[in-house]
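*Asks:* Have a look at the structure that comes next, please.
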Amino acid sequence: MNAVHAELVLRQGDFRLDVAFDIPAGSVLAILGPNGSGKSTVLGCLAGLLSPDRGSIVVDGRALTDVHRRVLVPPEARKVGLLAQDPLLFPHLSVLDNVAFAPRSLGASRAVARERAVRWLSEVDAEDLAGRRPAQLSGGQAQRVAVARALAGDPGLLLLDEPLAALDVDAAPAIRGLLRRVLRSPGAAPAAVLVTHDPLDALSLADQVVVLAEGRIVEQGATRDVLSAPRTPFTARIAGVNLVGGIATAGGLRTEGGEVISGLPADDVVVGEPAVAVFAPAAVAVYPAGAAVTGSPRNAAKATVATVAPHGDLVRLHTGGDGQWAAGLTADLTPAAVAELALEPGSEVRLVVKTTMVRVHPVRSAG
Amino acid sequence: MNAVHAELVLRQGDFRLDVAFDIPAGSVLAILGPNGSGKSTVLGCLAGLLSPDRGSIVVDGRALTDVHRRVLVPPEARKVGLLAQDPLLFPHLSVLDNVAFAPRSLGASRAVARERAVRWLSEVDAEDLAGRRPAQLSGGQAQRVAVARALAGDPGLLLLDEPLAALDVDAAPAIRGLLRRVLRSPGAAPAAVLVTHDPLDALSLADQVVVLAEGRIVEQGATRDVLSAPRTPFTARIAGVNLVGGIATAGGLRTEGGEVISGLPADDVVVGEPAVAVFAPAAVAVYPAGAAVTGSPRNAAKATVATVAPHGDLVRLHTGGDGQWAAGLTADLTPAAVAELALEPGSEVRLVVKTTMVRVHPVRSAG
Amino acid sequence: GDRGVPLNVFAAASLAESFGALGRRFEQDNSDVDVRLNLAGSATLAQQIVEGAPADVFASANESTMETVVAAGRAARPAVFATNSLTIVVPAGNPRDVRSLADLTGAGLTVVVCAPEVPCGTATEQVERSAGAELTPASEEQDVKAVLNKVVAGEADAGLVYVTDATAAAGKVDSVAITEAAAAVNSYPIAAVEGSAQAEAARRFVDFVLGSAGREELGRAGFGTP
Amino acid sequence: MRAGVPRVLWIPAVLALALVLLPVAGLVVRTDLARLPRLIAAPAALRALELSLTTAAMSTVACVLLGVPLAVVLARTRVRGVRVLRAVVLLPLVLPPVVGGLALLYLLGRNGFLGYVLDVTAGVRVPFTTAAVVIAQTFVAMPFLVVSLEGALRGGGDSYERVAATLGARPWTVFRRVTVPLLLPALGSGVVLSFARALGEFGATITFAGSLEGVTRTLPLEVYAQSQADVDSAIALSLLLIVVAVLVIAIARPRALEGAYASGGGGR
Amino acid sequence: MRAGVPRVLWIPAVLALALVLLPVAGLVVRTDLARLPRLIAAPAALRALELSLTTAAMSTVACVLLGVPLAVVLARTRVRGVRVLRAVVLLPLVLPPVVGGLALLYLLGRNGFLGYVLDVTAGVRVPFTTAAVVIAQTFVAMPFLVVSLEGALRGGGDSYERVAATLGARPWTVFRRVTVPLLLPALGSGVVLSFARALGEFGATITFAGSLEGVTRTLPLEVYAQSQADVDSAIALSLLLIVVAVLVIAIARPRALEGAYASGGGGR
Ligand SMILES: Nc1ncnc2c1ncn2[C@@H]1O[C@H](COP(=O)(O)OP(=O)(O)OP(=O)(O)O)[C@@H](O)[C@H]1O
Ligand SMILES: Nc1ncnc2c1ncn2[C@@H]1O[C@H](COP(=O)(O)OP(=O)(O)OP(=O)(O)O)[C@@H](O)[C@H]1O
Ligand SMILES: [Mg+2]
Ligand SMILES: [Mg+2]
């Protein structure tokens with residue numbers, strides 16, 4: 001059963017949104033797309049802040065919006081949590097009371113709500129800001145508090161609009177990890193929609209991806225499929241990475257075929273759980289099939305060149321399938337290298353990837 | 001002569017800012033630092049929106065702020081342009097009039113101001129939004145308009161607080177390029193201060209870097225020096241890249257020593273101008289000194305291992321100086337690779353870097 | 001008429017109707033004059049004249065306010081042109097069967113009178129004293145019209161107002177004559193204002209009010225003659 | 001740091017202040033200050049003052065309790081006809097107070113539609129009571145509160161209210177915890193306006209409630225009565241009214257109603 | 001979509017509306033509607049109406065020209081003593097209008113401090129002219145505008161004004177292009193309040209300007225004069241006043257003063 005089914009048609013001035021998607025129960029949908037493609041508008045519809053001109057939104061079998069049948073459940077009755085693009089913290093409440101707002105609204109006592117607020121604040125590493133007014137926060141601090149506020153309501157459907165914007169290099173992975181924990185907490189995980197410009201967020205948080213352009217869905221599917229084989233130029237620009245699935249090991253990942261890829265595990269990788277190795281086509285070096293691997297790179301595998309095609313100023317190589325992990329990968333090379341190695345479809349090659357260029361991310365079992 | 005000299009002490013609640021820095025004439029200073037470290041506060045002081053408790057700000061020999069002498073030039077008389085963290089577009093004005101606001105305020109006629117506004121809007125690729133109200137923009141569209149508005153005033157000192165936040169993968173490089181053009185336009189370039197969390201912004205836009213932590217400067221210097229040899233963990237986390245300077249060529253860069261590094265030139269590289277090749281330590285593969293280079297990677301050079309030290313779960317290698325470009329570089333390897341190659345200080349090695357992992361950026365002649 | 005020199009007549013508000021008619025008649029006889037009434041409470045008018053208002057004629061609803069104007073040197077030799085006395089008004093049909101002042105002292109009757117500070121209140125006190133009746137009013141109103149309105153609205157069972165007010169409201173209220181009313185006859189003095197730019201026309205108007213035309217109009221409104 | 005105020009604005013601002021201050025100053029100058037203490041300390045004056053303060057306070061409370069909801073309904077609902085209702089609220093603003101008093105009398109008086117019902121069913125008669133004073137003052141003062149709040153509500157927009165709804169707050173919670181707190185500065189102004197209007201109320205009160213010392217004779221009524229006999233004492237009483245009102249407003253006006261909240265985080 | 005209005009709020013809101021509407025309805029019911037057209041069409045009534053509308057419009061303009069700057073100065077400067085000035089502005093609110101009129105008479109009358117100077121130097125005598133009506137109305141109505149604007153100014157904060165300053169706008173430009181436009185919804189309310197107050201002004205006008213037909217006798221004064229003879233015709237005239245005021249306010253109130261701007265970009 002799908003947790004969320006949405007069909008939305010909405011005009012805003014010249015802009016027309018026309019999308020339909022499903023989110024399977026307990027899974028996370030990432031929405032990617034250029035500025036102004038309608039990502040926030042979709043979240044607005046889901047949250048009940050915008051009323052579509054046509055269409056419906058069904059969550060867990062309950063129609064929240066149904067234009068035809070004149071159903072429009074108000075936002076507060078939707079059990080959604082919206083982290084909007086603008087933090088919009090209540091200026092008159094302390095940080096603590098901002099975060100306690102949702103629990104309070106849902107009926108928790110003052111003490112319980114504050115306790116939960118403190119917990120969420122410490123989750124986003126902002127417990128020392130509890131007594132401040134929003135006007136006394138920096139941009140990144142406000143964003144972290146907004147994340148805590150959206151999570152504190154324990155929503156059944158969590159809507160996150162660029163949750164990691166404005167965060168520094170330490171806070172961003174920490175919050176990403178927090179979101180992962182929340183979105184994958186066994187049993188209690190809410191369905192979620194995540195708007196992001198960062199493919200890494202999509203990879204590490206979402207099962208499904210929808211790519212919007214000018215209000216329409218141009219690409220849709222499992223995160224790994226969409227990101228590893230982008231079919232639109234936009235998706236290719238934000239993604240276009242090599243993904244190899246398997247089971248996490250201490251220093252990397254074991255593929256279904258039993259091969260080992262060594263890579264750097266992300267913080268939240270659990271050994272023995274499903275994981276995916278991610279590396280850029282640019283990081284794949286190509287050697288003649290017979291060359292000895294004598295250097296530092298840990299990962300090397302035989303493959304056959306399937307296609308060779310120009311890709312901007314570079315040449316993009318796809319490898320064919322022969323069972324090894326190096327099958328179905330993409331490598332970006334300079335034309336000079338291609339010429340020198342005389343690469344053409346059918347060439348036998350050896351692909352080499354440095355361990356340090358490979359990130360291993362956990363994936364959802366569903367994915 | 002320095003364009004800007006600033007010494008600032010300011011308390012805000014528990015937070016205490018205490019910084020001093022100079023910006024040489026016509027150059028760009030990047031401010032890096034974790035959330036809440038005081039970056040926006042510094043910009044606020046420079047813009048005249050905040051009044052420090054102690055200290056002074058001198059721009060082009062003119063004291064804008066001098067607490068001791070009770071000087072506090074109001075914001076409008078400072079010839080600064082501030083792009084704040086929150087776009088804060090005027091809600092009652094159209095996008096066009098928002099951008100035309102600064103020229104109008106500085107005395108341009110309505111027609112001239114609008115004409116300039118249209119030009120700036122097209123620079124940020126938002127000319128089709130000209131007739132909209134800010135409430136009808138998406139987050140990224142609003143950010144682009146805010147950039148145009150800040151630039152349209154032709155300020156003598158440009159203050160940019162995370163100018164590329166909320167932008168999509170196409171818009172971000174485009175705006176980065178625009179800022180480069182503005183900040184380096186010969187003769188007319190304003191001095192600028194750029195707050196960012198992205199080392200690439202700092203590299204491509206700034207000559208100098210200041211790293212703040214808890215209101216204090218913890219690192220300061222030329223961008224390349226600071227980013228390539230970070231002395232604090234925070235800087236190391238956001239930067240820690242290899243940088244090799246030289247003169248841009250068609251497919252890369254020629255070092256002072258006449259060696260050629262092949263890499264992917266950024267959009268705004270001009271052949272024959274100073275440039276820098278940037279690549280991550282993780283992208284550097286290490287081979288025994290005698291190994292033949294038979295594969296796709298274009299860049300290979302001899303070097304001597306100077307130091308070998310653990311770096312998180314990896315091992316970080318520094319190479320010693322023997323005149324080649326491979327001297328003074330950093331490479332991150334797995335412990336397994338280090339063991340297999342028996343690397344230790346003094347080992348002769350061959351460093352290999354794929355062209356596609358090397359980005360070539362223009363640098364300021366001053367840098 | 002709109003033509004002619006303006007003659008500013010400052011008249012107590014209770015004279016609104018009579019003086020309106022008198023002014024029109026005067027204009028018919030004197031086409032060179034445009035009578036302009038300034039209607040307000042006597043005290044306000046006196047205050048305005050003392051402060052240098054461009055008044056030509058002052059007609060007051062009581063003698064004490066005229067005295068303040070005379071004392072300030074802005075009027076001389078006032079003459080009484082009308083009198084007024086109190087009467088009881090009750091809602092039409094006299095449902096509580098009020099016959100005399102003494103009937104108003106009974107319990108359960110809502111009576112309103114004027115406050116002692118205003119002329120009709122002073123008169124009320126005098127009448128009470130001479131009748132030996134002590135009223136316990138529900139309200140001491142600031143002017144006689146307020147008293148009348150309360151009775152018209154049926155809010156009060158009885159009120160003490162001037163005969164002229166009762167006359168004006170005839171049909172909506174019944175009046176019950178007070179035998180002791182003679183104890184407090186209120187006199188309305190009129191005078192030309194000193195320093196008036198229209199001294200001659202002002203004198204003519206004063207004479208007109210004091211004359212037969214005045215007596216006729218004022219009598220119609222229920223005023224007594226001096 | 002605050003945004004600067006254009007210098008030129010000081011010219012009309014000072015003119016405006018002068019328009020307000022000079023007449024009052026003139027009044028003070030003309031007052032026989034030697035007699036002042038005796039006039040002010042008169043028992044009638046003090047009782048009138050006390051009555052004025054209590055009734056004005058009560059009607060201000062009534063204005064807030066009734067007016068805030070009305071303002072929110074007018075500003076936040078998009079039912080057709082709200083525009084008409086908005087105009088209706090203005091009626092008491094324009095009605096000459098005496099006529100307003102008559103209207104109340106016609107409604108709540110013994111023969112009035114509602115007054116008759118009240119009298120017959122509950123034996124309650126409203127006119128000539130202190131309650132009537134409060135009603136008259138509320139009738140006259142409430143529109144000031146409603147109109148000023150409505151302007152603020154529409155000016156402020158409802159983005160925070162929408163955020164609160166997405167956090168699960170039901171409309172009542174949103175109202176209590178978001179709408180009202182954010183409205184406080186405007187509410188402060190509205191309370192001042194309606195308190196001042198109630199305190200100065202004259203025409204409707206005298207017409208509807210009458211004027212009986214200690215029961216319905218508020219200070220403005222006392223002032224008017226005095227002005228008929230003795231202008232100086234009327235002026236003295238007015239000065240008393242002014243001083244008390246300004247003190248009450250300047251002191252009692254809660255600090256909370258003063259400050260504004262800077263706009264959300266990060267936008268420095 | 002707008003934020004929902006709590007249902008419970010409808011109860012006090014409807015009560016508030018009833019408090020406003022029922023008395024007026026009662027008034028209408030009691031009016032002798034057959035006589036109405038003749039009463040209203042009387043030349044005196046029409047002249048009074050015309051005078052009322054012109055003077056109220058003029059004094060509203062004066063209120064805006066003087067009051068907006070004063071409100072901005074009060075809300076945006078942090079000179080010591082501003083708190084005192086804020087209280088001073090309230091004076092005319094509290095002053096019984098009759099006493100306010102006296103105060104103006106004492107200032108601008110022939111014997112008054114300023115009136116004497118004006119008379120001697122320029123030969124200008126203010127009282128009992130139409131100008132005096134406008135002055136009296138402005139004196140009484142301006143505080144309503146100032147207080148309501150000040151609340152809105154402080155509630156709104158000054159972040160946009162600061163942004164404007166960083167874009168090189170001098171204070172006057174900021175005022176004209178940012179402060180005032182953002183203030184429009186509150187200004188709309190303030191204008192309505194002061195227009196209504198000016199239109200209904202009685203006490204200060206009759207005292208300071210007198211009640212001369214065609215010159216200073218505005219509709220409320222005409223109502224008073226009529227009420228001396230015939231309460232019914234006074235009520236009819238009041239209804240005329242109400243209808244005209246509501247029409248003027250509902251129709252003339254510019255649309256621009258109605259709408260609010262949603263908060264800045266991106267925050268949907
Ligand atoms: N009220 C409106 N009137 C007209 N157009 C509007 C309105 N509101 C939004 N739009 C347009 O709708 C489109 C979708 O906006 P939306 O905010 O959903 O974009 P987004 O995908 O979230 O972009 P971003 O990445 O910049 O946040 C944009 O092109 C925007 O300009
Ligand atoms: N009014 C205030 N009162 C107390 N503390 C304040 C106030 N304003 C800002 N601060 C604190 O000052 C510090 C610096 O804030 P600033 O906005 O300069 O940070 P920043 O470096 O810009 O951070 P970010 O990357 O999150 O934007 C923060 O710790 C913030 O909490
Ligand atoms: Mg968006
Ligand atoms: Mg900041």
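Letters for chains follow the order of the structure tokens (A, B, ...), residue numbers begin at 1 for each chain, and ligand numbers begin at 1 in the order shown.
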Residues of chain A within 12 Å of chain E, using only C-alpha atoms, as a count of residues only?

*Replies:* 35

*Asks:* Near chain A, meaning an atom within 7 Å, which residues of chain B appear when counting only C-alpha atoms? Write them as an NGL selection string.

*Replies:* :B and (34-36 or 85 or 138-141 or 165-169 or 197 or 238 or 282-283 or 285-288 or 294-298 or 332-334 or 337 or 354-357)

*Asks:* Name the residues of stretch 116-335 of chain A that come out as strand (DSSP E) in a backbone DSSP run; write them as JSON, numbers by chain.

*Replies:* {"A": [157, 158, 159, 160, 161, 191, 192, 193, 194, 195, 208, 209, 210, 211, 212, 213, 216, 217, 218, 219, 220, 221, 222, 242, 243, 244, 245, 246, 247, 248, 249, 252, 253, 254, 260, 261, 262, 264, 265, 274, 275, 276, 277, 278, 279, 285, 286, 287, 288, 299, 300, 301, 302, 303, 304, 305, 306, 307, 308, 309, 310, 311, 314, 315, 316, 317, 318, 319, 330, 331, 332, 333]}

*Asks:* May I ask you to extract the residues of chain C within 7 Å of chain E, using only C-alpha atoms, and to give them as a list in words?

*Replies:*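 Therefore, the residues near the partner are Ala13, Ser14, Ala16, Glu17, Arg36, Leu37, Asn38, Leu39, Ala40, Thr44, Glu51, Gly52, Lys145 and Ala168 of chain C.
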
*Asks:* Per residue of chain E within 6 Å of chain D, note the shortest atom pair and the distance in Å to one decimal, counting only C-alpha atoms, and order the rows by chain and increasing residue number, as a tab-separated table.

*Replies:*
residue	atom	partner	partner_atom	distance
E:Ala3	CA	D:Arg162	CA	5.6
E:Gly4	CA	D:Pro171	CA	5.8
E:Val5	CA	D:Pro171	CA	5.7
E:Pro6	CA	D:Pro171	CA	4.5
E:Leu9	CA	D:Pro69	CA	5.2
E:Pro12	CA	D:Leu66	CA	5.0
E:Ala13	CA	D:Leu70	CA	4.1
E:Ala16	CA	D:Leu66	CA	5.2
E:Pro23	CA	D:Ala103	CA	4.8
E:Val24	CA	D:Ala103	CA	5.9
E:Gly26	CA	D:Leu107	CA	5.8
E:Leu27	CA	D:Ala103	CA	5.2
E:Leu66	CA	D:Pro12	CA	5.0
E:Pro69	CA	D:Ala13	CA	5.1
E:Leu70	CA	D:Ala13	CA	4.1
E:Ala87	CA	D:Val246	CA	5.8
E:Leu93	CA	D:Ala196	CA	5.6
E:Val94	CA	D:Gly200	CA	5.0
E:Pro96	CA	D:Gly200	CA	5.4
E:Ala103	CA	D:Pro23	CA	4.9
E:Leu104	CA	D:Pro23	CA	5.2
E:Leu107	CA	D:Pro23	CA	5.6
E:Val147	CA	D:Ser189	CA	5.8
E:Ser148	CA	D:Ser148	CA	5.7
E:Gly151	CA	D:Ala186	CA	4.6
E:Ala152	CA	D:Ala186	CA	5.8
E:Arg154	CA	D:Ala260	CA	5.3
E:Gly155	CA	D:Ala260	CA	4.8
E:Gly157	CA	D:Ala262	CA	5.7
E:Arg162	CA	D:Ala3	CA	5.6
E:Pro171	CA	D:Pro6	CA	4.6
E:Trp172	CA	D:Pro6	CA	4.9
E:Pro185	CA	D:Gly155	CA	5.3
E:Ala186	CA	D:Gly151	CA	4.6
E:Ser189	CA	D:Gly151	CA	5.3
E:Ala196	CA	D:Val94	CA	5.2
E:Gly200	CA	D:Val94	CA	5.0
E:Val246	CA	D:Ala87	CA	5.8
E:Ala260	CA	D:Gly155	CA	4.9
E:Ala262	CA	D:Gly157	CA	5.7

*Asks:* Go ahead and save the picked residues with N, CA, C and O atoms, as a short mmCIF file (atom, residue, chain, number, x, y, z; two decimals), in the first residue's frame.

*Replies:*
data_model
loop_
_atom_site.label_atom_id
_atom_site.label_comp_id
_atom_site.auth_asym_id
_atom_site.auth_seq_id
_atom_site.Cartn_x
_atom_site.Cartn_y
_atom_site.Cartn_z
N ALA E 3 -5.19 31.25 6.94
CA ALA E 3 -5.27 30.52 8.19
C ALA E 3 -6.71 30.51 8.65
O ALA E 3 -7.47 31.46 8.44
N GLY E 4 -7.13 29.42 9.25
CA GLY E 4 -8.50 29.33 9.71
C GLY E 4 -8.75 30.22 10.92
O GLY E 4 -7.85 30.53 11.68
N VAL E 5 -10.00 30.63 11.06
CA VAL E 5 -10.38 31.42 12.23
C VAL E 5 -11.07 30.48 13.21
O VAL E 5 -11.96 29.74 12.82
N PRO E 6 -10.63 30.47 14.47
CA PRO E 6 -11.27 29.57 15.44
C PRO E 6 -12.77 29.84 15.51
O PRO E 6 -13.19 30.99 15.56
N LEU E 9 -14.32 32.10 18.19
CA LEU E 9 -14.19 33.54 18.04
C LEU E 9 -15.43 34.16 17.44
O LEU E 9 -15.70 35.34 17.63
N PRO E 12 -17.91 35.89 20.31
CA PRO E 12 -17.72 37.31 20.66
C PRO E 12 -17.79 38.23 19.46
O PRO E 12 -18.27 39.36 19.58
N ALA E 13 -17.35 37.73 18.31
CA ALA E 13 -17.37 38.60 17.13
C ALA E 13 -18.80 38.96 16.76
O ALA E 13 -19.11 40.13 16.47
N ALA E 16 -20.09 41.36 19.26
CA ALA E 16 -19.56 42.71 19.00
C ALA E 16 -20.33 43.36 17.86
O ALA E 16 -20.72 44.53 17.95
N PRO E 23 -28.31 48.59 17.95
CA PRO E 23 -28.79 49.94 18.27
C PRO E 23 -29.10 50.75 17.03
O PRO E 23 -30.12 51.43 16.97
N VAL E 24 -28.21 50.61 16.03
CA VAL E 24 -28.45 51.38 14.82
C VAL E 24 -29.73 50.90 14.14
O VAL E 24 -30.54 51.71 13.66
N GLY E 26 -32.23 49.60 15.65
CA GLY E 26 -33.32 50.13 16.46
C GLY E 26 -33.65 51.56 16.07
O GLY E 26 -34.82 51.96 15.97
N LEU E 27 -32.60 52.31 15.81
CA LEU E 27 -32.75 53.70 15.41
C LEU E 27 -33.54 53.79 14.12
O LEU E 27 -34.48 54.58 13.98
N LEU E 66 0.46 65.66 8.86
CA LEU E 66 1.15 65.93 10.12
C LEU E 66 1.35 64.64 10.92
O LEU E 66 2.38 64.47 11.58
N PRO E 69 4.30 61.77 9.74
CA PRO E 69 5.65 62.09 10.22
C PRO E 69 5.78 61.93 11.73
O PRO E 69 6.76 61.38 12.21
N LEU E 70 4.77 62.40 12.45
CA LEU E 70 4.88 62.31 13.90
C LEU E 70 4.96 60.84 14.34
O LEU E 70 5.78 60.47 15.18
N ALA E 87 2.99 59.96 25.17
CA ALA E 87 1.85 60.18 26.06
C ALA E 87 1.19 61.52 25.72
O ALA E 87 -0.03 61.65 25.76
N LEU E 93 -7.06 62.98 22.86
CA LEU E 93 -7.94 61.81 22.94
C LEU E 93 -8.77 61.87 24.20
O LEU E 93 -9.92 61.43 24.23
N VAL E 94 -8.15 62.36 25.27
CA VAL E 94 -8.78 62.26 26.57
C VAL E 94 -9.54 63.52 26.93
O VAL E 94 -10.53 63.48 27.65
N PRO E 96 -12.08 66.22 27.16
CA PRO E 96 -13.46 66.32 26.68
C PRO E 96 -13.48 67.31 25.52
O PRO E 96 -12.88 68.39 25.63
N ALA E 103 -9.72 75.14 24.70
CA ALA E 103 -8.27 75.28 24.64
C ALA E 103 -7.86 75.92 23.32
O ALA E 103 -7.01 76.82 23.29
N LEU E 104 -8.50 75.49 22.24
CA LEU E 104 -8.19 76.09 20.94
C LEU E 104 -8.60 77.56 20.92
O LEU E 104 -7.89 78.41 20.37
N LEU E 107 -6.15 79.59 22.59
CA LEU E 107 -4.88 79.73 21.86
C LEU E 107 -5.06 80.62 20.64
O LEU E 107 -4.25 81.52 20.38
N VAL E 147 -1.58 57.22 16.82
CA VAL E 147 -1.45 56.06 17.71
C VAL E 147 -1.57 54.76 16.91
O VAL E 147 -0.79 53.83 17.10
N SER E 148 -2.51 54.72 15.96
CA SER E 148 -2.66 53.45 15.25
C SER E 148 -1.46 53.20 14.33
O SER E 148 -0.99 52.07 14.21
N GLY E 151 1.61 51.99 16.41
CA GLY E 151 1.53 50.57 16.74
C GLY E 151 1.97 49.71 15.57
O GLY E 151 2.77 48.78 15.72
N ALA E 152 1.49 50.06 14.39
CA ALA E 152 1.84 49.26 13.21
C ALA E 152 3.34 49.39 12.92
O ALA E 152 4.00 48.41 12.58
N ARG E 154 5.81 49.95 14.97
CA ARG E 154 6.64 49.18 15.89
C ARG E 154 6.42 47.69 15.72
O ARG E 154 7.34 46.90 15.86
N GLY E 155 5.18 47.32 15.39
CA GLY E 155 4.92 45.91 15.16
C GLY E 155 5.65 45.36 13.95
O GLY E 155 6.10 44.22 13.94
N GLY E 157 8.53 46.26 12.63
CA GLY E 157 9.99 46.23 12.64
C GLY E 157 10.56 47.06 11.51
O GLY E 157 9.83 47.59 10.67
N ARG E 162 16.21 48.97 6.91
CA ARG E 162 17.66 48.80 6.99
C ARG E 162 18.23 48.29 5.68
O ARG E 162 19.29 48.74 5.24
N PRO E 171 17.46 58.64 4.17
CA PRO E 171 16.25 58.47 5.01
C PRO E 171 14.97 58.92 4.31
O PRO E 171 13.93 58.26 4.44
N TRP E 172 15.03 60.01 3.58
CA TRP E 172 13.81 60.48 2.94
C TRP E 172 13.32 59.48 1.89
O TRP E 172 12.13 59.19 1.79
N PRO E 185 -1.54 49.44 4.75
CA PRO E 185 -2.74 48.88 5.38
C PRO E 185 -3.08 49.59 6.69
O PRO E 185 -4.24 49.93 6.94
N ALA E 186 -2.06 49.86 7.51
CA ALA E 186 -2.31 50.55 8.76
C ALA E 186 -2.75 51.99 8.50
O ALA E 186 -3.61 52.54 9.19
N SER E 189 -6.40 52.07 7.86
CA SER E 189 -7.18 52.08 9.09
C SER E 189 -7.13 53.43 9.77
O SER E 189 -8.15 53.96 10.23
N ALA E 196 -13.50 59.34 10.27
CA ALA E 196 -14.74 59.12 11.01
C ALA E 196 -14.82 60.04 12.22
O ALA E 196 -15.86 60.64 12.51
N GLY E 200 -17.59 63.05 12.79
CA GLY E 200 -18.51 63.05 13.92
C GLY E 200 -18.22 64.13 14.94
O GLY E 200 -18.95 64.26 15.93
N VAL E 246 -20.41 55.80 5.70
CA VAL E 246 -20.11 54.42 5.34
C VAL E 246 -19.84 54.32 3.84
O VAL E 246 -18.92 53.63 3.40
N ALA E 260 -2.54 43.14 1.98
CA ALA E 260 -1.27 42.99 2.67
C ALA E 260 -0.33 42.31 1.70
O ALA E 260 -0.76 41.64 0.76
N ALA E 262 2.31 39.44 1.18
CA ALA E 262 2.80 38.24 1.85
C ALA E 262 4.26 38.47 2.19
O ALA E 262 4.93 39.31 1.59
#

*Asks:* Name the residues in contact with A:Glu259 at a cut-off of 12 Å, using only C-alpha atoms, excluding same-chain residues fewer than 5 positions from it; report them as a list in words.

*Replies:* Val244, Gly245, Gly246, Ile247, Ala248, Thr249, Gly252, Leu253, Arg254, Asn299, Ala300, Ala301, Gly323, Gln324, Trp325 and Ala326 of chain A

*Asks:* Apply DSSP to the structure's backbone, then extract all residues of stretch 5-250 of chain E labelled alpha helix (DSSP H) and return them as an NGL selection string.

*Replies:* :E and (10-30 or 36-40 or 43-76 or 82-89 or 91-94 or 97-108 or 113-122 or 130-156 or 159-166 or 171-174 or 180-200 or 203-208 or 219-229 or 231-247)

*Asks:* Can you list, as an MDAnalysis selection string, every protein, DNA or RNA residue that comes within 7 Å of A:Glu7 when you count only C-alpha atoms, leaving out same-chain residues fewer than 4 positions away?

*Replies:* chainID A and resid 19:21 55:57

*Asks:* Please produce an output containing all heavy atoms for each residue in the selection, written as a compact mmCIF listing (two decimals), in the first residue's frame.

*Replies:*
# COMPACT_ATOMS: atom_id res chain seq x y z
N VAL A 19 1.58 17.22 -11.59
CA VAL A 19 2.38 16.08 -11.17
C VAL A 19 1.49 15.00 -10.56
O VAL A 19 0.39 15.27 -10.10
CB VAL A 19 3.44 16.46 -10.11
CG1 VAL A 19 4.43 17.47 -10.67
CG2 VAL A 19 2.78 17.01 -8.85
N ALA A 20 2.00 13.79 -10.59
CA ALA A 20 1.34 12.68 -9.90
C ALA A 20 2.44 11.76 -9.41
O ALA A 20 3.38 11.46 -10.14
CB ALA A 20 0.40 11.94 -10.84
N PHE A 21 2.37 11.38 -8.15
CA PHE A 21 3.38 10.45 -7.64
C PHE A 21 2.83 9.69 -6.46
O PHE A 21 1.82 10.08 -5.87
CB PHE A 21 4.66 11.20 -7.25
CG PHE A 21 4.44 12.30 -6.25
CD1 PHE A 21 4.42 12.04 -4.90
CD2 PHE A 21 4.27 13.61 -6.69
CE1 PHE A 21 4.21 13.05 -3.98
CE2 PHE A 21 4.06 14.63 -5.78
CZ PHE A 21 4.02 14.35 -4.42
N GLY A 55 -7.24 17.65 -8.66
CA GLY A 55 -6.42 16.57 -8.14
C GLY A 55 -6.77 16.20 -6.72
O GLY A 55 -7.73 16.69 -6.13
N SER A 56 -5.95 15.30 -6.18
CA SER A 56 -6.24 14.81 -4.85
C SER A 56 -4.95 14.38 -4.16
O SER A 56 -3.94 14.12 -4.80
CB SER A 56 -7.20 13.62 -4.93
OG SER A 56 -6.57 12.59 -5.66
N ILE A 57 -5.02 14.33 -2.85
CA ILE A 57 -3.90 13.84 -2.05
C ILE A 57 -4.49 12.85 -1.06
O ILE A 57 -5.40 13.19 -0.31
CB ILE A 57 -3.21 14.98 -1.29
CG1 ILE A 57 -2.61 15.99 -2.27
CG2 ILE A 57 -2.14 14.42 -0.35
CD1 ILE A 57 -2.12 17.25 -1.60
